[in-house]
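Novice: Take this structure, written in structure tokens, and hold onto it; I'll ask about it next.
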Amino acid sequence: MHLKSPRTIDRYPGSTFKNPDELGRQIAYTVILDLLAADKPNAHLAALVDSLIEMAAMVFVDLMRLACVAGSEAARITNGSRYPEFVDMADLHLGEFKTHVNRLTAHIGSDAVQKCLLVERHLAYLLLRLKREPKLDRSWREIVDVLANLAARIRELAEYVRRDHYTKQFKVIATLADSAIVGHGRLYA
């Protein structure tokens, strides 16, 4: 009987979600995740830090996509109508990164927090430059330099907060890249 009355007025306790990704994000930012990992605080913290690094990388990929669309006439013609969607995705991922930084502030130490905030500022700066319109406001070379600097800052953060995770991920990516390059070479050799 009790469950029927909230349904009649379309009112349910907690959050609503439209798709599995939204549900996953809501769970990730609630105490449910904390409760699930309560008996393993170090593993929980390591998982949160790993996801922080992955979120920074996600925003970086979003920014690279925006820069490539903005920097290429062919890409603008093909993807110009989706540019606002790409900007929204980058905004969403940057917001998630900021939320995660705030959540971890008490657990990762002041040096790590400063590195996180530096990455956050650089991500936000480049996003602001790219969100105006699908056209670069400076040369492609300057944007590539900004992206390279940002990649270095994210790498420094990853190495600082979770060297073991960074090393493991780097080996996986290097193996994939090597096999793709070797495979590509076979195709055209």
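Naming scheme: A, B, ... for chains in displayed order of the structure tokens; residues 1 onward per chain; ligands 1 onward as shown.
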So which residues touch His107 in chain A within 9 Å, counting only C-alpha atoms, skipping near sequence neighbours fewer than 3 positions away, as an NGL selection string?

Specialist: :A and (45 or 103-104)

Novice: Compile the contact shell of Arg153 in chain A as a PyMOL selection string: residues with an atom at most 8 Å away, counting only C-alpha atoms, same-chain residues fewer than 4 positions apart removed.

Specialist: chain A and resi 115+118-119+149+157

Novice: Give me the residues within 12 Å of range 109-113 of chain A as number ranges by chain, counting only C-alpha atoms and dropping any in the same chain fewer than 3 places off.

Specialist: A: 49, 52-53, 98, 100-106, 116-120, 153-154, 156-162

Novice: Put those residues in a file: C-alpha atoms, as a short mmCIF file (atom, residue, chain, number, x, y, z; two decimals), in the first residue's frame.

Specialist:
```cif
data_model
loop_
_atom_site.label_atom_id
_atom_site.label_comp_id
_atom_site.auth_asym_id
_atom_site.auth_seq_id
_atom_site.Cartn_x
_atom_site.Cartn_y
_atom_site.Cartn_z
CA VAL A 49 41.93 8.04 -7.82
CA LEU A 52 39.97 10.67 -11.45
CA ILE A 53 42.86 10.07 -13.83
CA LYS A 98 35.76 18.79 -10.75
CA HIS A 100 35.70 14.02 -8.25
CA VAL A 101 38.54 16.36 -7.27
CA ASN A 102 36.32 17.88 -4.56
CA ARG A 103 35.38 14.43 -3.32
CA LEU A 104 39.01 13.34 -3.03
CA THR A 105 40.47 16.54 -1.59
CA ALA A 106 40.50 15.23 1.99
CA CYS A 116 44.49 18.28 -9.74
CA LEU A 117 43.56 21.95 -9.62
CA LEU A 118 46.29 22.82 -12.11
CA VAL A 119 44.98 20.17 -14.53
CA GLU A 120 41.44 21.43 -13.95
CA ARG A 153 50.24 17.87 -16.75
CA ILE A 154 47.77 14.97 -16.79
CA GLU A 156 52.38 14.19 -14.07
CA LEU A 157 49.18 13.95 -12.06
CA ALA A 158 48.75 10.27 -12.94
CA GLU A 159 52.35 9.47 -12.05
CA TYR A 160 52.10 11.41 -8.79
CA VAL A 161 48.85 10.00 -7.44
CA ARG A 162 48.98 6.43 -8.79
#
```

Novice: Hey, which of A:His44, A:Ala56, A:Lys18, A:Leu130 ends up closest to Thr99 in chain A? Count only C-alpha atoms.

Specialist: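 Once distances to Thr99 in chain A are computed over only C-alpha atoms, the minimum belongs to A:Ala56.
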
Novice: Just want the 12 Å neighbourhood of Met64 in chain A, counted on only C-alpha atoms, with same-chain residues fewer than 6 positions away dropped. Output as a ChimeraX atom specification.

Specialist: /A:57-58,70-71,86-87,90,123,126-127,130,140,143-148,150-151

Novice: Once DSSP has gone over the backbone, tell me which residues of range 87-142 of chain A are in helix (DSSP H, G or I), as a VMD selection string.

Specialist: chain A and resid 87 to 108 110 to 131 140 to 142
